[in-house]
$ cat structure.csv   # CSV, C-alpha atoms and all ligand atoms
chain,number,residue,atom,x,y,z
A,1,MET,CA,0.0,0.0,0.0
A,2,TYR,CA,1.0,3.6,-0.5
A,3,ALA,CA,0.7,6.5,1.9
A,4,ASP,CA,2.1,10.0,1.8
A,5,PHE,CA,3.2,9.7,5.4
A,6,ILE,CA,3.9,7.0,8.1
A,7,ILE,CA,3.6,8.4,11.6
A,8,VAL,CA,5.3,6.4,14.3
A,9,GLY,CA,3.5,6.9,17.7
A,10,GLN,CA,0.0,8.1,18.7
A,11,GLY,CA,0.7,10.1,21.8
A,12,ILE,CA,-0.3,13.7,21.8
A,13,CYS,CA,2.2,14.5,19.0
A,14,GLY,CA,1.2,11.7,16.6
A,15,THR,CA,-2.5,12.4,17.4
A,16,PHE,CA,-2.2,16.1,16.4
A,17,LEU,CA,0.0,15.3,13.5
A,18,SER,CA,-2.6,12.8,12.1
A,19,HIS,CA,-5.3,15.5,12.6
A,20,GLU,CA,-3.3,18.2,10.7
A,21,LEU,CA,-2.6,15.7,7.8
A,22,GLN,CA,-6.3,14.8,7.6
A,23,LYS,CA,-7.1,18.5,7.4
A,24,ALA,CA,-4.6,18.9,4.5
A,25,ASN,CA,-6.0,15.8,2.7
A,26,GLN,CA,-2.8,13.9,3.0
A,27,SER,CA,-2.8,10.1,3.2
A,28,PHE,CA,-1.0,8.5,6.2
A,29,ILE,CA,-0.8,5.4,8.3
A,30,VAL,CA,-0.1,5.5,12.1
A,31,ILE,CA,1.9,2.7,13.7
A,32,ASP,CA,1.5,2.6,17.5
A,33,GLU,CA,1.8,-0.2,19.9
A,34,SER,CA,-0.8,0.0,22.6
A,35,LYS,CA,1.2,0.8,25.8
A,36,PRO,CA,-0.8,1.7,29.0
A,37,PHE,CA,1.5,4.2,30.7
A,38,THR,CA,2.9,6.5,28.1
A,39,ALA,CA,3.5,10.2,29.0
A,40,SER,CA,0.3,11.3,27.2
A,41,LYS,CA,-1.8,8.6,28.9
A,42,VAL,CA,-0.5,9.6,32.4
A,43,ALA,CA,-0.4,13.4,31.9
A,44,SER,CA,-3.1,15.6,33.6
A,45,GLY,CA,-3.5,18.0,30.7
A,46,ILE,CA,-2.8,21.3,32.4
A,47,ILE,CA,-1.9,24.3,30.3
A,48,ASN,CA,-0.5,26.7,32.9
A,49,PRO,CA,0.7,30.0,31.5
A,50,VAL,CA,3.2,30.7,34.3
A,51,THR,CA,6.0,28.8,35.9
A,52,GLY,CA,8.6,28.6,38.6
A,53,ARG,CA,9.1,30.3,41.9
A,54,ARG,CA,9.2,33.7,40.2
A,55,ILE,CA,5.9,33.0,38.5
A,56,VAL,CA,7.2,34.1,35.0
A,57,LYS,CA,5.3,33.5,31.8
A,58,THR,CA,6.2,30.2,30.1
A,59,TRP,CA,7.9,30.1,26.7
A,60,MET,CA,5.8,31.5,23.9
A,61,ILE,CA,2.6,31.3,26.0
A,62,ASP,CA,0.9,34.3,24.4
A,63,GLU,CA,1.0,32.5,21.1
A,64,LEU,CA,0.5,28.9,22.4
A,65,MET,CA,-2.5,29.4,24.6
A,66,PRO,CA,-5.0,30.8,22.1
A,67,PHE,CA,-3.6,28.4,19.5
A,68,ALA,CA,-4.2,25.4,21.8
A,69,TRP,CA,-7.7,26.5,22.8
A,70,ASP,CA,-8.7,26.7,19.1
A,71,ALA,CA,-6.9,23.5,18.1
A,72,TYR,CA,-8.6,21.4,20.9
A,73,ARG,CA,-12.0,23.0,20.2
A,74,SER,CA,-11.9,22.3,16.5
A,75,PHE,CA,-10.4,18.8,16.9
A,76,GLY,CA,-13.0,18.1,19.6
A,77,ASP,CA,-15.8,19.3,17.4
A,78,LYS,CA,-14.7,17.0,14.6
A,79,LEU,CA,-14.7,14.0,17.0
A,80,GLY,CA,-17.9,15.0,18.8
A,81,ILE,CA,-16.2,15.6,22.2
A,82,ASP,CA,-15.4,18.4,24.5
A,83,CYS,CA,-11.7,18.1,25.2
A,84,ILE,CA,-10.6,21.5,26.7
A,85,LYS,CA,-11.9,23.5,29.6
A,86,GLU,CA,-10.9,26.6,31.4
A,87,LYS,CA,-9.8,25.7,34.9
A,88,PRO,CA,-8.3,28.4,37.0
A,89,ILE,CA,-5.4,27.4,39.3
A,90,ILE,CA,-5.5,28.0,43.1
A,91,ASP,CA,-1.9,28.5,43.9
A,92,CYS,CA,-1.5,27.9,47.7
A,93,PHE,CA,1.5,29.7,49.1
A,94,ALA,CA,3.8,27.2,50.9
A,95,THR,CA,5.7,30.0,52.7
A,96,PRO,CA,5.3,33.8,53.5
A,97,GLN,CA,8.1,34.4,51.0
A,98,MET,CA,6.1,32.7,48.2
A,99,ARG,CA,3.1,34.9,49.1
A,100,LEU,CA,5.3,38.0,48.7
A,101,ALA,CA,6.8,36.7,45.4
A,102,PHE,CA,3.3,36.2,44.0
A,103,ILE,CA,2.0,39.6,45.1
A,104,ASP,CA,5.2,41.3,43.8
A,105,ARG,CA,4.7,39.6,40.4
A,106,TYR,CA,0.9,40.4,40.4
A,107,GLU,CA,1.7,44.1,41.0
A,108,LYS,CA,4.0,44.1,37.9
A,109,ASP,CA,1.9,42.0,35.5
A,110,GLN,CA,-1.8,41.0,36.0
A,111,GLN,CA,-2.3,39.2,32.7
A,112,PHE,CA,-2.5,35.8,34.3
A,113,LEU,CA,-2.5,36.5,38.0
A,114,SER,CA,-5.2,37.7,40.4
A,115,LEU,CA,-5.8,37.7,44.2
A,116,PRO,CA,-9.0,36.3,45.7
A,117,ALA,CA,-11.7,38.6,47.2
A,118,ASN,CA,-11.9,36.3,50.2
A,119,GLU,CA,-8.9,34.1,51.1
A,120,ASN,CA,-11.0,31.9,53.4
A,121,ASN,CA,-13.1,30.6,50.5
A,122,TRP,CA,-11.3,27.2,50.4
A,123,GLN,CA,-10.9,26.8,54.1
A,124,SER,CA,-13.6,24.1,54.5
A,125,PHE,CA,-11.9,21.9,51.8
A,126,LEU,CA,-8.2,22.6,52.1
A,127,GLN,CA,-5.5,23.3,54.6
A,128,TYR,CA,-3.4,26.3,53.6
A,129,ASP,CA,-1.6,28.6,56.0
A,130,PHE,CA,-0.3,31.5,53.9
A,131,GLY,CA,-3.2,32.3,51.6
A,132,TYR,CA,-3.4,31.7,47.8
A,133,GLY,CA,-3.3,33.5,44.5
A,134,ILE,CA,-5.2,32.6,41.3
A,135,ILE,CA,-3.7,31.8,37.9
A,136,GLN,CA,-6.1,32.4,35.1
A,137,PRO,CA,-6.9,31.7,32.4
A,138,ALA,CA,-5.4,28.2,32.7
A,139,TYR,CA,-6.7,25.3,30.6
A,140,LEU,CA,-7.3,21.6,31.2
A,141,ALA,CA,-7.1,19.4,28.1
A,142,ASP,CA,-8.7,16.0,28.2
A,143,ILE,CA,-6.0,14.3,26.2
A,144,GLN,CA,-7.0,10.8,27.4
A,145,LEU,CA,-10.4,11.2,25.7
A,146,LEU,CA,-8.9,12.9,22.6
A,147,LEU,CA,-6.4,10.1,22.1
A,148,LYS,CA,-9.0,7.4,22.6
A,149,LYS,CA,-11.5,9.0,20.2
A,150,GLN,CA,-8.9,9.7,17.5
A,151,ARG,CA,-7.6,6.1,17.9
A,152,GLU,CA,-11.1,4.7,17.4
A,153,THR,CA,-11.6,6.9,14.3
A,154,LEU,CA,-8.2,5.9,12.8
A,155,LEU,CA,-8.8,2.2,13.6
A,156,THR,CA,-12.3,2.3,11.9
A,157,SER,CA,-10.7,3.7,8.8
A,158,SER,CA,-7.8,1.3,8.9
A,159,LEU,CA,-5.4,4.2,9.3
A,160,LEU,CA,-3.8,2.8,12.5
A,161,ARG,CA,-1.8,-0.4,13.0
A,162,GLU,CA,-1.5,-1.5,16.6
A,163,GLU,CA,1.9,-3.0,16.5
A,164,TYR,CA,5.6,-2.3,17.4
A,165,PHE,CA,7.5,-0.3,14.8
A,166,ASP,CA,10.7,-2.2,14.1
A,167,ALA,CA,13.3,0.4,12.8
A,168,THR,CA,15.5,-2.4,11.3
A,169,GLN,CA,12.8,-3.1,8.7
A,170,LEU,CA,12.7,0.5,7.4
A,171,SER,CA,14.5,1.0,4.1
A,172,ILE,CA,15.3,4.5,2.8
A,173,LYS,CA,15.0,5.0,-0.9
A,174,GLU,CA,15.9,8.0,-3.1
A,175,ASP,CA,12.3,9.1,-3.4
A,176,GLY,CA,10.7,7.7,-0.2
A,177,ILE,CA,10.8,4.9,2.3
A,178,GLU,CA,9.5,1.4,2.6
A,179,TYR,CA,8.4,-0.4,5.7
A,180,LYS,CA,7.1,-3.9,5.4
A,181,ASP,CA,4.2,-3.7,2.9
A,182,ILE,CA,4.0,0.2,3.1
A,183,SER,CA,5.6,2.6,0.6
A,184,ALA,CA,5.5,6.2,1.8
A,185,ALA,CA,7.0,9.5,0.8
A,186,LYS,CA,8.0,10.3,4.3
A,187,ILE,CA,8.1,8.9,7.9
A,188,ILE,CA,7.7,11.1,10.9
A,189,PHE,CA,8.7,9.8,14.3
A,190,CYS,CA,6.4,10.9,17.2
A,191,ASP,CA,7.8,8.1,19.4
A,192,GLY,CA,8.0,10.0,22.7
A,193,VAL,CA,10.5,8.7,25.2
A,194,THR,CA,11.6,5.8,23.0
A,195,GLY,CA,12.9,8.4,20.6
A,196,TYR,CA,15.9,8.5,23.0
A,197,ASP,CA,17.0,5.2,21.3
A,198,ASN,CA,15.8,6.0,17.8
A,199,PRO,CA,18.7,5.0,15.5
A,200,PHE,CA,17.9,7.8,13.0
A,201,PHE,CA,18.1,10.5,15.6
A,202,PRO,CA,21.0,9.4,17.8
A,203,ASN,CA,22.6,11.8,20.3
A,204,LEU,CA,19.9,14.3,20.5
A,205,PRO,CA,20.1,16.0,23.9
A,206,TYR,CA,17.1,14.4,25.7
A,207,GLY,CA,16.9,14.9,29.4
A,208,LEU,CA,14.3,12.3,30.3
A,209,ASN,CA,12.3,13.0,33.3
A,210,LYS,CA,10.1,10.7,35.4
A,211,GLY,CA,6.8,11.6,36.9
A,212,GLU,CA,4.5,9.7,39.3
A,213,VAL,CA,0.8,10.3,39.8
A,214,ILE,CA,-2.0,8.9,41.9
A,215,LEU,CA,-5.8,8.9,41.3
A,216,VAL,CA,-7.9,9.6,44.3
A,217,GLU,CA,-11.6,9.7,45.0
A,218,ILE,CA,-12.7,12.7,47.1
A,219,PRO,CA,-16.6,12.8,47.1
A,220,GLY,CA,-17.9,16.3,47.3
A,221,PHE,CA,-14.6,18.1,46.6
A,222,PRO,CA,-15.1,21.0,44.1
A,223,ASP,CA,-14.0,20.3,40.6
A,224,THR,CA,-14.0,24.0,39.6
A,225,HIS,CA,-10.3,24.6,40.0
A,226,ILE,CA,-6.9,23.0,39.9
A,227,ILE,CA,-5.3,23.1,43.3
A,228,LYS,CA,-1.5,23.7,43.4
A,229,LYS,CA,0.4,23.2,46.7
A,230,GLY,CA,3.7,21.6,45.8
A,231,TYR,CA,1.8,18.9,43.9
A,232,SER,CA,-1.3,19.6,41.8
A,233,LEU,CA,-4.7,18.2,42.5
A,234,VAL,CA,-6.6,18.2,39.2
A,235,PRO,CA,-10.3,17.4,38.5
A,236,TRP,CA,-10.2,14.2,36.5
A,237,ASN,CA,-13.6,12.4,36.3
A,238,GLY,CA,-16.6,12.9,38.6
A,239,ASN,CA,-15.3,12.5,42.1
A,240,THR,CA,-11.9,11.3,40.9
A,241,PHE,CA,-8.9,13.7,41.1
A,242,TRP,CA,-5.4,13.3,39.6
A,243,LEU,CA,-2.6,14.1,42.1
A,244,GLY,CA,1.0,14.7,40.9
A,245,SER,CA,3.6,14.9,40.0
A,246,THR,CA,7.3,14.3,40.7
A,247,TYR,CA,10.0,15.6,38.4
A,248,LEU,CA,12.9,13.2,38.6
A,249,TRP,CA,16.0,13.5,36.4
A,250,GLU,CA,17.5,10.4,37.8
A,251,PHE,CA,15.6,7.2,38.1
A,252,ASP,CA,16.1,3.4,37.8
A,253,ASP,CA,12.9,2.5,35.9
A,254,ASP,CA,9.5,3.9,34.8
A,255,LYS,CA,7.5,2.1,37.5
A,256,PRO,CA,5.5,3.6,40.4
A,257,THR,CA,7.4,3.6,43.8
A,258,LYS,CA,6.2,3.1,47.3
A,259,GLY,CA,8.0,6.3,48.3
A,260,PHE,CA,5.8,8.5,46.1
A,261,TYR,CA,2.7,6.7,47.2
A,262,GLN,CA,3.5,7.6,50.8
A,263,PHE,CA,4.3,11.2,50.0
A,264,ALA,CA,1.0,11.5,48.1
A,265,GLU,CA,-1.0,10.0,50.9
A,266,ASN,CA,0.6,12.3,53.5
A,267,TRP,CA,0.0,15.3,51.2
A,268,LEU,CA,-3.7,14.4,51.0
A,269,LYS,CA,-3.9,13.9,54.8
A,270,GLN,CA,-2.3,17.3,55.4
A,271,THR,CA,-4.0,19.2,52.7
A,272,VAL,CA,-7.5,17.9,52.0
A,273,LYS,CA,-10.1,18.2,54.7
A,274,MET,CA,-12.4,15.5,53.4
A,275,PRO,CA,-12.4,11.7,53.3
A,276,PHE,CA,-10.5,10.3,50.4
A,277,THR,CA,-9.7,6.9,48.8
A,278,ILE,CA,-6.6,6.3,46.6
A,279,ILE,CA,-7.7,4.2,43.7
A,280,ASP,CA,-4.7,4.1,41.3
A,281,HIS,CA,-1.0,4.9,41.1
A,282,MET,CA,0.9,5.4,37.8
A,283,ALA,CA,4.2,6.5,36.5
A,284,SER,CA,5.7,7.5,33.1
A,285,VAL,CA,8.7,9.3,31.6
A,286,ARG,CA,8.5,12.7,29.9
A,287,PRO,CA,10.4,13.1,26.6
A,288,ALA,CA,12.1,16.2,28.0
A,289,THR,CA,15.2,17.9,26.4
A,290,LEU,CA,18.2,19.6,28.0
A,291,GLU,CA,17.4,22.9,26.3
A,292,ARG,CA,13.7,22.6,27.2
A,293,LYS,CA,12.9,23.1,23.5
A,294,PRO,CA,11.3,20.5,21.3
A,295,PHE,CA,12.7,18.6,18.3
A,296,VAL,CA,10.7,19.4,15.2
A,297,GLY,CA,11.3,19.0,11.5
A,298,MET,CA,13.1,16.9,8.9
A,299,HIS,CA,16.4,15.1,9.4
A,300,PRO,CA,19.3,17.3,8.1
A,301,ALA,CA,21.0,14.4,6.3
A,302,ILE,CA,18.0,12.0,5.4
A,303,ASN,CA,15.3,14.1,3.8
A,304,ASN,CA,12.5,11.5,4.0
A,305,ILE,CA,12.6,11.2,7.8
A,306,GLY,CA,11.2,13.7,10.3
A,307,ILE,CA,10.6,14.1,14.0
A,308,LEU,CA,8.0,15.7,16.3
A,309,ASN,CA,9.3,15.0,19.8
A,310,GLY,CA,10.9,16.5,22.9
A,311,MET,CA,7.8,18.2,24.3
A,312,GLY,CA,9.0,17.7,27.9
A,313,THR,CA,6.5,18.9,30.5
A,314,LYS,CA,4.5,21.0,28.0
A,315,GLY,CA,3.2,18.5,25.4
A,316,CYS,CA,-0.4,19.6,25.8
A,317,SER,CA,0.4,23.2,24.5
A,318,LEU,CA,3.4,22.5,22.3
A,319,ALA,CA,2.2,19.5,20.4
A,320,PRO,CA,-0.8,21.1,18.6
A,321,PHE,CA,1.3,24.2,17.7
A,322,PHE,CA,4.3,22.3,16.3
A,323,ALA,CA,2.2,19.6,14.6
A,324,LYS,CA,0.7,22.4,12.5
A,325,GLN,CA,4.0,24.1,11.9
A,326,LEU,CA,5.5,20.8,10.8
A,327,VAL,CA,2.7,20.1,8.3
A,328,ASP,CA,2.9,23.7,7.0
A,329,HIS,CA,6.6,23.1,6.5
A,330,LEU,CA,6.1,19.7,4.7
A,331,LEU,CA,3.4,20.9,2.4
A,332,TYR,CA,4.1,24.6,1.8
A,333,ASN,CA,7.8,24.8,2.8
A,334,LYS,CA,7.0,27.3,5.5
A,335,PRO,CA,9.8,27.7,8.1
A,336,ILE,CA,10.0,25.9,11.4
A,337,MET,CA,10.9,28.1,14.3
A,338,ALA,CA,14.7,28.0,14.7
A,339,ASP,CA,14.5,27.3,18.5
A,340,ALA,CA,12.5,24.1,17.8
A,341,ASN,CA,13.9,23.0,14.5
A,342,VAL,CA,15.8,19.8,14.7
A,343,GLN,CA,18.2,21.2,12.0
A,344,ARG,CA,20.0,22.9,14.8
A,345,PHE,CA,21.6,19.6,15.5
A,346,LYS,CA,22.9,19.2,11.9
A,347,LYS,CA,26.4,18.5,13.0
A,348,VAL,CA,25.4,15.7,15.5
A,349,LEU,CA,22.9,14.1,13.1
A,350,SER,CA,25.1,14.3,9.9
A,351,ARG,CA,28.0,12.2,11.5
B,401,LIG,C1,3.2,12.5,35.2
B,401,LIG,C2,3.2,13.4,34.0
B,401,LIG,C3,2.3,14.5,34.0
B,401,LIG,C4,2.3,15.4,32.9
B,401,LIG,N1,1.5,16.4,32.9
B,401,LIG,C5,1.4,17.3,31.9
B,401,LIG,C6,0.5,18.4,31.9
B,401,LIG,O1,-0.3,18.6,32.8
B,401,LIG,N2,0.6,19.3,30.8
B,401,LIG,C7,1.4,19.1,29.7
B,401,LIG,O2,1.4,19.9,28.8
B,401,LIG,N3,2.2,18.0,29.7
B,401,LIG,C8,2.3,17.1,30.7
B,401,LIG,N4,3.1,16.1,30.7
B,401,LIG,C9,4.1,15.9,29.6
B,401,LIG,C10,3.3,15.3,28.4
B,401,LIG,O3,2.7,14.1,28.9
B,401,LIG,C11,4.3,15.0,27.3
B,401,LIG,O4,5.0,16.2,26.9
B,401,LIG,C12,3.6,14.4,26.1
B,401,LIG,O5,2.6,13.5,26.5
B,401,LIG,C13,4.6,13.7,25.1
B,401,LIG,O6,3.8,13.2,24.1
B,401,LIG,P1,4.4,12.4,22.9
B,401,LIG,O7,3.4,12.1,21.9
B,401,LIG,O8,5.7,13.0,22.4
B,401,LIG,O9,4.9,11.0,23.6
B,401,LIG,P2,4.1,9.8,24.1
B,401,LIG,O10,2.9,10.2,24.9
B,401,LIG,O11,5.1,8.9,24.9
B,401,LIG,O12,3.6,9.0,22.8
B,401,LIG,C14,4.5,8.2,22.1
B,401,LIG,C15,3.7,7.1,21.4
B,401,LIG,O13,4.6,6.4,20.5
B,401,LIG,C16,4.5,5.0,20.7
B,401,LIG,N5,5.7,4.3,20.3
B,401,LIG,C17,7.0,4.7,20.6
B,401,LIG,N6,7.9,3.9,20.0
B,401,LIG,C18,7.1,3.0,19.3
B,401,LIG,C19,7.4,1.9,18.4
B,401,LIG,N7,8.7,1.6,18.2
B,401,LIG,N8,6.4,1.2,17.9
B,401,LIG,C20,5.1,1.5,18.1
B,401,LIG,N9,4.8,2.6,18.9
B,401,LIG,C21,5.7,3.3,19.5
B,401,LIG,C22,4.2,4.9,22.2
B,401,LIG,O14,3.6,3.6,22.5
B,401,LIG,C23,3.3,6.0,22.5
B,401,LIG,O15,1.9,5.7,22.2
B,401,LIG,C24,3.1,15.1,31.8
B,401,LIG,C25,3.9,14.0,31.7
B,401,LIG,C26,3.9,13.1,32.8
B,401,LIG,C27,4.8,11.9,32.8
$ encode --input "structure.csv" --output "structure tokens" --more "lines below"
Ligand SMILES: Cc1cc2nc3c(=O)[nH]c(=O)nc-3n(C[C@H](O)[C@H](O)[C@H](O)COP(=O)(O)OP(=O)(O)OC[C@H]3O[C@@H](n4cnc5c(N)ncnc54)[C@H](O)[C@@H]3O)c2cc1C
Amino acid sequence: MYADFIIVGQGICGTFLSHELQKANQSFIVIDESKPFTASKVASGIINPVTGRRIVKTWMIDELMPFAWDAYRSFGDKLGIDCIKEKPIIDCFATPQMRLAFIDRYEKDQQFLSLPANENNWQSFLQYDFGYGIIQPAYLADIQLLLKKQRETLLTSSLLREEYFDATQLSIKEDGIEYKDISAAKIIFCDGVTGYDNPFFPNLPYGLNKGEVILVEIPGFPDTHIIKKGYSLVPWNGNTFWLGSTYLWEFDDDKPTKGFYQFAENWLKQTVKMPFTIIDHMASVRPATLERKPFVGMHPAINNIGILNGMGTKGCSLAPFFAKQLVDHLLYNKPIMADANVQRFKKVLSR
């Protein structure tokens, strides 16, 4: 069979890439093995416009936020689902210094920060000693639902093969590539954390980062906001909340640990003033990069092979934007932003 593109991976990157190619009437086939705990399947879906102790705006957020909102809305409309919501973040101050830092920042720039009219509003649900600030707008993308629905659609149209992609079976020709029975013009790797071992993109500066999460039932707890107090407590599904996450640069494996479970349980006991039941515990590894910028574009030495990866902690906002940019580049030769373009590693990748 012939397809314009093969996409390896159906995480948030492969999902948005398949959507952009559909919009542009390109033919493709997605190859994705069905793994339960990929980064996209474990992520909470927060799009938070500010970051760090200094509460500064995240990279490109003025462009990314409106883009992400429209992209999830229109993709959701196509699939008949609602997959993005506005969810303000209650940022509980852990120390008096953090309170001062927030107020200082708020006084300089109120685009995403506000202070509550009554700081006691959350006292019947939450333990917090130094007050809180509000981050808004912030978004919550339901990427679990989006991935599931797009997968169903692709499977129904025979556009997705649920199998392992074996790179040793890929042959690169002058005018395209061949993989098993598929001939294609190009192949794009959206393989997430396994991209670290991708033989076509060796030595890219990944800085893989593990995160653990628990799911907890808290009947009656409000689902109107995301709560941030060290960890984030995120409305998930009905009475169920997502609690996470750790950011570990050094780790032995991608499995859940007893240590995190205990931390999370203690956090809940100390923070949530309502009965709760922990119902699940998951872990995954983020395809983060040392420069904290993604890898997007075509291989500098092999022109039929491309990549959309390295989304790190921000896949929910970066993947829609860079999937579109990659498709515009492939079809209309529009430029890919220099900071994200994988061509910046030309020397490393041409060896
Ligand atoms: C705990 C945690 C919380 C997070 N929370 C957020 C958040 O709130 N907001 C946010 O923006 N980001 C968050 N992230 C980061 C986000 O999850 C990632 O940036 C994003 O999911 C990466 O998507 P991806 O498509 O590149 O990779 P993945 O989700 O890993 O998808 C890659 C896909 O490729 C498949 N694949 C790989 N190799 C092969 C092969 N050889 N054959 C077949 N299939 C293959 C895999 O099975 C997988 O389905 C979080 C991550 C973690 C771990």
$ closest_residue --input "structure.csv" --among "A:Pro256, A:Trp122, A:Asn341, A:Lys346" --to "Lys273 (chain A)" --atoms "only C-alpha atoms"
A:Trp122
$ closest_atom_pairs --input "structure.csv" --of "chain A" --to "ligand LIG 401 (chain B)" --cutoff "7 Å" --atoms "all atoms listed in the file" --output "Markdown table"
| residue | atom | partner | partner_atom | distance |
| --- | --- | --- | --- | --- |
| A:Val8 | CA | B:LIG401 | N9 | 6.0 |
| A:Gly9 | CA | B:LIG401 | O13 | 3.0 |
| A:Gln10 | CA | B:LIG401 | O15 | 4.6 |
| A:Gly11 | CA | B:LIG401 | O12 | 3.3 |
| A:Ile12 | CA | B:LIG401 | O7 | 4.0 |
| A:Cys13 | CA | B:LIG401 | O7 | 4.0 |
| A:Gly14 | CA | B:LIG401 | O7 | 5.8 |
| A:Ile31 | CA | B:LIG401 | C20 | 5.6 |
| A:Asp32 | CA | B:LIG401 | N9 | 3.6 |
| A:Glu33 | CA | B:LIG401 | C20 | 4.1 |
| A:Ser34 | CA | B:LIG401 | O14 | 5.7 |
| A:Lys35 | CA | B:LIG401 | O14 | 4.9 |
| A:Thr38 | CA | B:LIG401 | O11 | 4.6 |
| A:Ala39 | CA | B:LIG401 | O3 | 4.0 |
| A:Ser40 | CA | B:LIG401 | O5 | 3.3 |
| A:Lys41 | CA | B:LIG401 | O10 | 6.4 |
| A:Val42 | CA | B:LIG401 | C1 | 5.5 |
| A:Ala43 | CA | B:LIG401 | C4 | 3.5 |
| A:Ser44 | CA | B:LIG401 | O1 | 4.2 |
| A:Gly45 | CA | B:LIG401 | O1 | 3.9 |
| A:Ile46 | CA | B:LIG401 | O1 | 3.7 |
| A:Ile47 | CA | B:LIG401 | N2 | 5.6 |
| A:Glu163 | CA | B:LIG401 | C20 | 5.7 |
| A:Tyr164 | CA | B:LIG401 | N8 | 3.6 |
| A:Phe165 | CA | B:LIG401 | N8 | 3.6 |
| A:Asp166 | CA | B:LIG401 | N7 | 5.9 |
| A:Cys190 | CA | B:LIG401 | O8 | 5.7 |
| A:Asp191 | CA | B:LIG401 | C17 | 3.7 |
| A:Gly192 | CA | B:LIG401 | O9 | 3.4 |
| A:Val193 | CA | B:LIG401 | O11 | 5.4 |
| A:Thr194 | CA | B:LIG401 | N6 | 5.1 |
| A:Gly195 | CA | B:LIG401 | N6 | 6.8 |
| A:Lys210 | CA | B:LIG401 | C27 | 6.0 |
| A:Gly211 | CA | B:LIG401 | C1 | 4.1 |
| A:Glu212 | CA | B:LIG401 | C1 | 5.1 |
| A:Val213 | CA | B:LIG401 | C1 | 5.6 |
| A:Gly244 | CA | B:LIG401 | C1 | 6.5 |
| A:Ser245 | CA | B:LIG401 | C1 | 5.4 |
| A:Ala283 | CA | B:LIG401 | C1 | 6.2 |
| A:Ser284 | CA | B:LIG401 | C27 | 4.5 |
| A:Val285 | CA | B:LIG401 | C27 | 4.8 |
| A:Arg286 | CA | B:LIG401 | C27 | 4.8 |
| A:Pro287 | CA | B:LIG401 | C13 | 6.0 |
| A:Asn309 | CA | B:LIG401 | O8 | 4.9 |
| A:Gly310 | CA | B:LIG401 | O8 | 6.3 |
| A:Met311 | CA | B:LIG401 | O4 | 4.3 |
| A:Gly312 | CA | B:LIG401 | O4 | 4.4 |
| A:Thr313 | CA | B:LIG401 | C9 | 3.9 |
| A:Lys314 | CA | B:LIG401 | O2 | 3.4 |
| A:Gly315 | CA | B:LIG401 | O4 | 3.3 |
| A:Cys316 | CA | B:LIG401 | O2 | 3.5 |
| A:Ser317 | CA | B:LIG401 | O2 | 5.5 |
$ closest_residue --input "structure.csv" --among "A:Gln325, A:Asn303, A:Gln22, A:Ser171" --to "Gln343 (chain A)" --atoms "all atoms listed in the file"
A:Asn303
$ closest_residue --input "structure.csv" --among "A:Ile182, A:Ala101, A:Leu330, A:Ala264" --to "His281 (chain A)" --atoms "all atoms listed in the file"
A:Ala264
$ residues_around --input "structure.csv" --residues "Gln127 (chain A)" --least-positions-apart "6" --cutoff "8 Å" --atoms "all atoms listed in the file" --output "PyMOL selection string"
chain A and resi 270-273
$ write_last_selection --input "structure.csv" --atoms "C-alpha atoms" --output "PDB file, keeping the file's coordinate frame"
ATOM      1  CA  GLN A 270      -2.300  17.300  55.400  1.00  0.00           C
ATOM      2  CA  THR A 271      -4.000  19.200  52.700  1.00  0.00           C
ATOM      3  CA  VAL A 272      -7.500  17.900  52.000  1.00  0.00           C
ATOM      4  CA  LYS A 273     -10.100  18.200  54.700  1.00  0.00           C
TER       5      LYS A 273
END
$ residues_near_point --input "structure.csv" --point "(-6.2, 3.7, 41.6)" --cutoff "12 Å" --atoms "all atoms listed in the file" --output "compact mmCIF listing (two decimals) with C-alpha atoms, in the frame of the given file"
# COMPACT_ATOMS: atom_id res chain seq x y z
CA VAL A 213 0.80 10.30 39.80
CA ILE A 214 -2.00 8.90 41.90
CA LEU A 215 -5.80 8.90 41.30
CA VAL A 216 -7.90 9.60 44.30
CA GLU A 217 -11.60 9.70 45.00
CA THR A 240 -11.90 11.30 40.90
CA PHE A 241 -8.90 13.70 41.10
CA TRP A 242 -5.40 13.30 39.60
CA LEU A 243 -2.60 14.10 42.10
CA PRO A 256 5.50 3.60 40.40
CA TYR A 261 2.70 6.70 47.20
CA PHE A 276 -10.50 10.30 50.40
CA THR A 277 -9.70 6.90 48.80
CA ILE A 278 -6.60 6.30 46.60
CA ILE A 279 -7.70 4.20 43.70
CA ASP A 280 -4.70 4.10 41.30
CA HIS A 281 -1.00 4.90 41.10
CA MET A 282 0.90 5.40 37.80
CA ALA A 283 4.20 6.50 36.50
$ residues_near_point --input "structure.csv" --point "(-12.3, 17.8, 21.9)" --cutoff "8 Å" --atoms "all atoms listed in the file" --output "number ranges by chain"
A: 72-84, 142, 145-146
$ closest_residue --input "structure.csv" --among "A:Ala340, A:Ala71, A:Ile134, A:Ile6" --to "Lys228 (chain A)" --atoms "all atoms listed in the file"
A:Ile134
$ atom_distance --input "structure.csv" --atom1 "CA of Lys180 (chain A)" --atom2 "CA of Ala319 (chain A)"
28.2 Å
$ closest_residue --input "structure.csv" --among "A:Pro320, A:Pro275, A:Gly133, A:Pro335" --to "Phe93 (chain A)" --atoms "only C-alpha atoms"
A:Gly133
$ atom_distance --input "structure.csv" --atom1 "CA of His299 (chain A)" --atom2 "CA of Ile188 (chain A)"
9.7 Å
$ closest_residue --input "structure.csv" --among "A:Asn48, A:Leu147, A:Lys258, A:Trp69" --to "His19 (chain A)" --atoms "all atoms listed in the file"
A:Leu147
$ atom_distance --input "structure.csv" --atom1 "CA of Met298 (chain A)" --atom2 "CA of Val342 (chain A)"
7.0 Å
$ residues_around --input "structure.csv" --residues "Pro116 (chain A)" --least-positions-apart "5" --cutoff "12 Å" --atoms "all atoms listed in the file" --output "list in words"
Pro88, Ile89, Ile90, Asp91, Cys92, Ile103, Tyr106, Asn121, Trp122, Gly131, Tyr132, Gly133, Ile134, Ile135 and Gln136 of chain A
